[in-house]
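> Contents of protein.tsv (TSV, C-alpha atoms) are below:
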```tsv
chain	number	residue	atom	x	y	z
A	1	MET	CA	-26.35	-46.07	12.32
A	2	GLU	CA	-25.31	-43.81	15.15
A	3	ALA	CA	-22.10	-42.89	13.28
A	4	SER	CA	-24.10	-41.88	10.21
A	5	LEU	CA	-26.41	-39.77	12.35
A	6	ASP	CA	-23.42	-38.10	13.99
A	7	THR	CA	-21.94	-37.34	10.58
A	8	ARG	CA	-25.22	-35.82	9.42
A	9	GLU	CA	-25.41	-33.72	12.52
A	10	ARG	CA	-21.85	-32.46	12.18
A	11	GLY	CA	-22.08	-31.76	8.43
A	12	PRO	CA	-24.38	-28.73	8.51
A	13	THR	CA	-22.47	-27.28	11.47
A	14	ILE	CA	-19.18	-27.34	9.53
A	15	ARG	CA	-20.82	-25.94	6.41
A	16	GLU	CA	-22.51	-23.19	8.38
A	17	HIS	CA	-19.23	-22.28	10.05
A	18	THR	CA	-17.46	-22.16	6.69
A	19	LYS	CA	-20.27	-20.07	5.24
A	20	THR	CA	-20.10	-17.66	8.18
A	21	LEU	CA	-16.34	-17.22	7.74
A	22	ALA	CA	-16.75	-16.64	4.01
A	23	THR	CA	-19.47	-14.05	4.68
A	24	GLN	CA	-17.28	-12.23	7.18
A	25	GLU	CA	-14.36	-12.20	4.75
A	26	SER	CA	-16.69	-10.94	2.02
A	27	TYR	CA	-17.92	-8.08	4.22
A	28	CYS	CA	-14.35	-7.11	5.18
A	29	GLY	CA	-13.23	-7.28	1.57
A	30	GLN	CA	-16.13	-5.17	0.35
A	31	ALA	CA	-15.58	-2.57	3.06
A	32	GLY	CA	-11.87	-2.36	2.30
A	33	HIS	CA	-12.55	-2.18	-1.44
A	34	LEU	CA	-15.08	0.61	-0.91
A	35	SER	CA	-12.66	2.62	1.22
A	36	SER	CA	-9.84	2.16	-1.28
A	37	LYS	CA	-12.05	3.39	-4.16
A	38	ARG	CA	-12.42	6.71	-2.31
A	39	ASP	CA	-8.72	7.47	-2.76
A	40	GLY	CA	-9.45	9.60	-5.82
A	41	ILE	CA	-11.93	11.77	-3.94
A	42	ASP	CA	-9.53	12.05	-1.01
A	43	LYS	CA	-6.73	13.24	-3.31
A	44	LEU	CA	-9.06	15.80	-4.92
A	45	VAL	CA	-10.16	17.20	-1.55
A	46	LYS	CA	-6.51	17.14	-0.44
A	47	THR	CA	-5.71	19.37	-3.43
A	48	PHE	CA	-8.44	21.79	-2.29
A	49	GLN	CA	-6.99	21.74	1.22
A	50	TYR	CA	-3.48	22.67	0.16
A	51	VAL	CA	-4.63	25.21	-2.43
A	52	SER	CA	-6.64	26.97	0.28
A	53	LYS	CA	-3.64	26.75	2.63
A	54	LEU	CA	-1.43	28.44	0.04
A	55	GLY	CA	-4.13	31.03	-0.64
A	56	HIS	CA	-4.40	31.82	3.06
A	57	TRP	CA	-0.63	32.23	3.32
A	58	HIS	CA	-0.54	34.49	0.24
A	59	VAL	CA	-3.25	36.97	1.34
A	60	GLU	CA	-2.91	36.69	5.11
A	61	THR	CA	-1.34	40.15	5.55
A	62	THR	CA	-2.85	42.01	2.58
A	63	HIS	CA	-6.49	40.80	2.54
A	64	PRO	CA	-7.58	39.52	5.98
A	65	ASP	CA	-11.18	38.84	4.83
A	66	ALA	CA	-10.02	36.65	1.96
A	67	ALA	CA	-7.54	34.94	4.27
A	68	THR	CA	-10.40	34.06	6.64
A	69	ARG	CA	-12.37	32.53	3.76
A	70	PHE	CA	-9.36	30.52	2.64
A	71	LYS	CA	-8.88	29.31	6.21
A	72	GLN	CA	-12.51	28.19	6.42
A	73	TRP	CA	-12.08	26.37	3.11
A	74	GLU	CA	-8.96	24.65	4.45
A	75	VAL	CA	-10.70	23.53	7.65
A	76	ALA	CA	-13.76	22.28	5.75
A	77	SER	CA	-11.57	20.35	3.31
A	78	GLY	CA	-9.63	18.75	6.17
A	79	LEU	CA	-12.81	17.67	7.92
A	80	GLY	CA	-14.22	16.40	4.63
A	81	ARG	CA	-11.15	14.26	4.06
A	82	LYS	CA	-11.52	12.73	7.50
A	83	ALA	CA	-15.16	11.91	6.76
A	84	PHE	CA	-14.22	10.26	3.45
A	85	ARG	CA	-11.65	8.11	5.28
A	86	THR	CA	-14.27	6.46	7.49
A	87	GLY	CA	-13.51	2.75	7.69
A	88	ARG	CA	-10.20	3.19	5.90
A	89	PHE	CA	-8.38	1.20	8.59
A	90	LEU	CA	-9.94	-1.96	7.11
A	91	THR	CA	-7.68	-1.55	4.07
A	92	GLY	CA	-4.63	-2.44	6.15
A	93	PHE	CA	-6.48	-5.37	7.68
A	94	ASN	CA	-7.36	-6.72	4.23
A	95	ALA	CA	-3.73	-6.30	3.10
A	96	LEU	CA	-2.59	-8.44	6.02
A	97	ARG	CA	-5.34	-11.00	5.47
A	98	ARG	CA	-4.59	-11.50	1.77
A	99	GLY	CA	-0.82	-11.86	2.08
A	100	PRO	CA	1.59	-9.64	3.98
A	101	GLY	CA	4.78	-10.50	2.08
A	102	ALA	CA	6.84	-13.02	0.17
A	103	THR	CA	9.61	-13.50	2.75
A	104	PRO	CA	9.52	-13.64	6.57
A	105	THR	CA	11.27	-10.26	6.79
A	106	LEU	CA	8.75	-8.61	4.48
A	107	LYS	CA	5.89	-10.26	6.37
A	108	VAL	CA	7.07	-8.78	9.69
A	109	LEU	CA	7.61	-5.35	8.11
A	110	SER	CA	4.19	-5.50	6.45
A	111	VAL	CA	2.46	-6.38	9.74
A	112	LEU	CA	4.17	-3.50	11.56
A	113	ALA	CA	3.59	-1.01	8.74
A	114	ASN	CA	-0.08	-1.87	8.26
A	115	ALA	CA	-0.63	-1.90	12.03
A	116	GLY	CA	0.70	1.65	12.25
A	117	GLU	CA	-1.51	2.71	9.33
A	118	MET	CA	-4.54	1.08	10.94
A	119	VAL	CA	-3.88	2.97	14.19
A	120	TYR	CA	-3.59	6.19	12.19
A	121	PHE	CA	-6.89	5.80	10.34
A	122	PHE	CA	-8.76	4.38	13.34
A	123	PHE	CA	-7.92	7.22	15.76
A	124	ASP	CA	-8.37	9.74	12.96
A	125	HIS	CA	-12.10	8.98	13.27
A	126	PHE	CA	-12.09	10.16	16.89
A	127	LEU	CA	-10.08	13.25	15.92
A	128	TRP	CA	-12.71	14.10	13.33
A	129	LEU	CA	-15.59	13.56	15.78
A	130	SER	CA	-13.91	15.71	18.42
A	131	ARG	CA	-13.29	18.55	15.96
A	132	ILE	CA	-16.88	18.65	14.71
A	133	GLY	CA	-18.16	18.69	18.30
A	134	THR	CA	-19.60	15.18	18.57
A	135	LEU	CA	-16.97	14.23	21.14
A	136	ASP	CA	-15.22	16.36	23.71
A	137	ALA	CA	-12.95	18.90	21.99
A	138	LYS	CA	-10.26	18.20	24.58
A	139	LEU	CA	-9.76	14.76	23.04
A	140	ALA	CA	-8.62	16.28	19.76
A	141	ARG	CA	-5.04	16.89	20.92
A	142	ARG	CA	-4.62	13.36	22.27
A	143	MET	CA	-6.26	11.70	19.25
A	144	SER	CA	-4.10	13.80	16.93
A	145	PHE	CA	-0.93	12.64	18.70
A	146	ILE	CA	-1.91	8.95	18.61
A	147	SER	CA	-2.97	9.18	14.97
A	148	ALA	CA	0.24	10.98	13.93
A	149	PHE	CA	2.36	8.50	15.90
A	150	GLY	CA	0.69	5.55	14.16
A	151	GLU	CA	1.19	7.18	10.77
A	152	SER	CA	4.90	7.85	11.33
A	153	PHE	CA	5.38	4.38	12.83
A	154	GLY	CA	3.83	2.76	9.76
A	155	TYR	CA	5.78	4.94	7.31
A	156	ILE	CA	9.09	3.83	8.84
A	157	PHE	CA	8.41	0.16	8.11
A	158	PHE	CA	6.83	0.87	4.72
A	159	ILE	CA	10.03	2.69	3.69
A	160	ILE	CA	12.25	-0.13	5.00
A	161	ALA	CA	10.19	-2.71	3.08
A	162	ASP	CA	10.36	-0.58	-0.09
A	163	PHE	CA	14.15	-0.33	0.20
A	164	ILE	CA	14.42	-4.10	0.60
A	165	ILE	CA	12.20	-4.69	-2.45
A	166	MET	CA	14.19	-2.16	-4.48
A	167	LYS	CA	17.46	-3.82	-3.45
A	168	GLU	CA	16.16	-7.26	-4.42
A	169	GLY	CA	14.91	-5.86	-7.74
A	170	LEU	CA	18.30	-4.30	-8.52
A	171	GLU	CA	20.09	-7.56	-7.66
A	172	THR	CA	17.72	-9.50	-9.91
A	173	GLU	CA	18.26	-7.00	-12.70
A	174	ARG	CA	22.04	-7.26	-12.30
A	175	ARG	CA	21.88	-11.05	-12.44
A	176	LEU	CA	19.75	-10.90	-15.59
A	177	ILE	CA	22.20	-8.50	-17.23
A	178	ILE	CA	25.15	-10.74	-16.36
A	179	SER	CA	23.37	-13.86	-17.63
A	180	SER	CA	22.34	-12.09	-20.86
A	181	LYS	CA	25.95	-10.96	-21.41
A	182	ARG	CA	27.19	-14.50	-20.84
A	183	ARG	CA	24.68	-15.84	-23.36
A	184	TRP	CA	25.73	-13.18	-25.83
A	185	PHE	CA	29.44	-14.04	-25.41
A	186	ARG	CA	28.70	-17.75	-25.80
A	187	ARG	CA	26.74	-17.10	-28.97
A	188	CYS	CA	29.57	-14.96	-30.33
A	189	GLU	CA	32.09	-17.69	-29.52
A	190	ARG	CA	29.86	-20.28	-31.16
A	191	GLU	CA	29.53	-18.15	-34.27
A	192	ASP	CA	33.32	-17.62	-34.37
A	193	GLU	CA	33.87	-21.36	-34.09
A	194	GLU	CA	31.38	-21.99	-36.87
A	195	ASP	CA	33.08	-19.38	-39.06
A	196	GLN	CA	36.50	-20.91	-38.40
A	197	SER	CA	35.25	-24.42	-39.15
A	198	ARG	CA	33.61	-23.16	-42.34
A	199	GLU	CA	36.79	-21.43	-43.43
A	200	SER	CA	38.83	-24.53	-42.68
A	201	ASP	CA	36.41	-26.64	-44.73
A	202	GLU	CA	36.69	-24.21	-47.62
A	203	VAL	CA	40.50	-24.31	-47.41
A	204	ASP	CA	40.47	-28.11	-47.36
A	205	GLY	CA	38.13	-28.20	-50.32
A	206	SER	CA	40.23	-25.81	-52.39
A	207	SER	CA	43.48	-27.67	-51.58
A	208	SER	CA	41.99	-30.99	-52.60
```
Could you show the structure in this file as structure tokens?

Amino acid sequence: MEASLDTRERGPTIREHTKTLATQESYCGQAGHLSSKRDGIDKLVKTFQYVSKLGHWHVETTHPDAATRFKQWEVASGLGRKAFRTGRFLTGFNALRRGPGATPTLKVLSVLANAGEMVYFFFDHFLWLSRIGTLDAKLARRMSFISAFGESFGYIFFIIADFIIMKEGLETERRLIISSKRRWFRRCEREDEEDQSRESDEVDGSSS
């Protein structure tokens, strides 16, 4: 009787714990999915940013007033991109949670690469807040350095992982080509043997 009561008491606790974990994973997944769906807007605003940068460079000496407007457009686009990337660091966390890689090497590279990207996006929030005046403007330089360091750190391991995947893909492709050639040669040899046996049968039949 006491054992059954203990089981009943433990049951809801385990179910509640499982439900809590599932809810947390759902919230993280939804936040990461929402941030990843803003990639299109980020790329569009990035286009505005670089178009305004080129415009400022083109008219900087000839039309100072227009250059000032282009510069303001560039700064506004940069700040807008940072606002759109709010919570973007959860994308790297979700990538690690769902499956970092197929092999131990790729798993380590994925952890390091996504960690660098998470540092980049996380401290980019503080850079944005310091540039719009919410935080001390003196923090902007330090936050910019940490954010850029995390970005470059992550890119290094992303590139290494991509090279490894490309190498494995080329090796797989080469093996498939070799195996297909072997099958083709075997089929040709089989067809030659069949032709020879057919010719020999025809010769035997005509001689008899």
> Given the choices A:Lys46, A:Lys138, A:Arg186, A:His63, which gets closest to A:Gly80 if the distance is worked out from all atoms listed in the file?
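Comparing A:Lys46, A:Lys138, A:Arg186, A:His63 against A:Gly80, the winner is A:Lys46.
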> When distances are computed from all atoms listed in the file, which of A:Glu117, A:Asp42, A:Glu74, A:Glu194 shows the smallest separation from A:Ile156?
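So, comparing all the options, the nearest one is A:Glu117.
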> Compare A:Ile178, A:Val108, A:Ile164, A:Val75 by their minimum atom-to-atom distance to A:Val51, counting all atoms listed in the file, and give me the closest one.
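Under the stated criterion, the closest residue is A:Val75.
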> Need to verify the contact set: A:Ala76, 12 Å, all atoms listed in the file, exclusion of same-chain residues closer than 5 positions in sequence. Can you return it as number ranges by chain?
A: 45-46, 48-50, 52-53, 69-71, 81-83, 128, 131-132
> Residues of stretch 124-182 of chain A that approach stretch 84-107 of chain A to 10 Å or less, counting all atoms listed in the file: could you list each one with the shortest pair of atoms and its distance in Å to one decimal, rows by chain and increasing residue number, as CSV?

```
residue,atom,partner,partner_atom,distance
A:Asp124,CA,A:Arg85,CA,8.5
A:His125,CA,A:Thr86,CA,6.7
A:Trp128,CA,A:Thr86,CA,9.7
A:Phe157,CA,A:Leu106,CA,9.5
A:Phe158,CA,A:Leu106,CA,9.7
A:Ile160,CA,A:Leu106,CA,9.2
A:Ala161,CA,A:Leu106,CA,6.2
A:Asp162,CA,A:Leu106,CA,9.4
A:Ile164,CA,A:Leu106,CA,8.2
A:Ile165,CA,A:Leu106,CA,8.7
```
> Return the single residue from A:Leu170, A:Ala67, A:Leu112, A:Ile159 that is closest to A:Gly55, with distances computed using all atoms listed in the file.
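Once distances to A:Gly55 are computed over all atoms listed in the file, the minimum belongs to A:Ala67.
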> Would you compute the distance between atom CA of A:Ser147 and atom CA of A:Ala115? Give it in Å to one decimal.
11.7 Å
> Figure out the distance between atom CA of A:Gln72 and atom CA of A:Gly133, please, to one decimal in Å.
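Between atom CA of A:Gly133 and atom CA of A:Gln72 the gap works out to 16.2 Å.
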> Export C-alpha atoms of stretch 123-143 of chain A from the structure just given, as a PDB file, in the first residue's frame?

```pdb
ATOM      1  CA  PHE A 123      27.422  41.321 -27.041  1.00  0.00           C
ATOM      2  CA  ASP A 124      26.089  42.965 -30.189  1.00  0.00           C
ATOM      3  CA  HIS A 125      22.989  43.768 -28.110  1.00  0.00           C
ATOM      4  CA  PHE A 126      25.097  45.798 -25.665  1.00  0.00           C
ATOM      5  CA  LEU A 127      26.863  47.523 -28.558  1.00  0.00           C
ATOM      6  CA  TRP A 128      23.502  48.559 -29.954  1.00  0.00           C
ATOM      7  CA  LEU A 129      22.263  49.819 -26.570  1.00  0.00           C
ATOM      8  CA  SER A 130      25.442  51.818 -26.008  1.00  0.00           C
ATOM      9  CA  ARG A 131      25.234  53.430 -29.447  1.00  0.00           C
ATOM     10  CA  ILE A 132      21.612  54.522 -29.046  1.00  0.00           C
ATOM     11  CA  GLY A 133      22.406  56.010 -25.631  1.00  0.00           C
ATOM     12  CA  THR A 134      20.667  53.510 -23.353  1.00  0.00           C
ATOM     13  CA  LEU A 135      24.010  52.380 -21.940  1.00  0.00           C
ATOM     14  CA  ASP A 136      27.208  54.320 -21.457  1.00  0.00           C
ATOM     15  CA  ALA A 137      28.699  55.252 -24.835  1.00  0.00           C
ATOM     16  CA  LYS A 138      32.147  54.333 -23.541  1.00  0.00           C
ATOM     17  CA  LEU A 139      31.102  50.674 -23.549  1.00  0.00           C
ATOM     18  CA  ALA A 140      30.654  50.706 -27.316  1.00  0.00           C
ATOM     19  CA  ARG A 141      34.353  50.229 -28.077  1.00  0.00           C
ATOM     20  CA  ARG A 142      34.725  47.305 -25.674  1.00  0.00           C
ATOM     21  CA  MET A 143      31.479  45.627 -26.763  1.00  0.00           C
TER      22      MET A 143
END
```
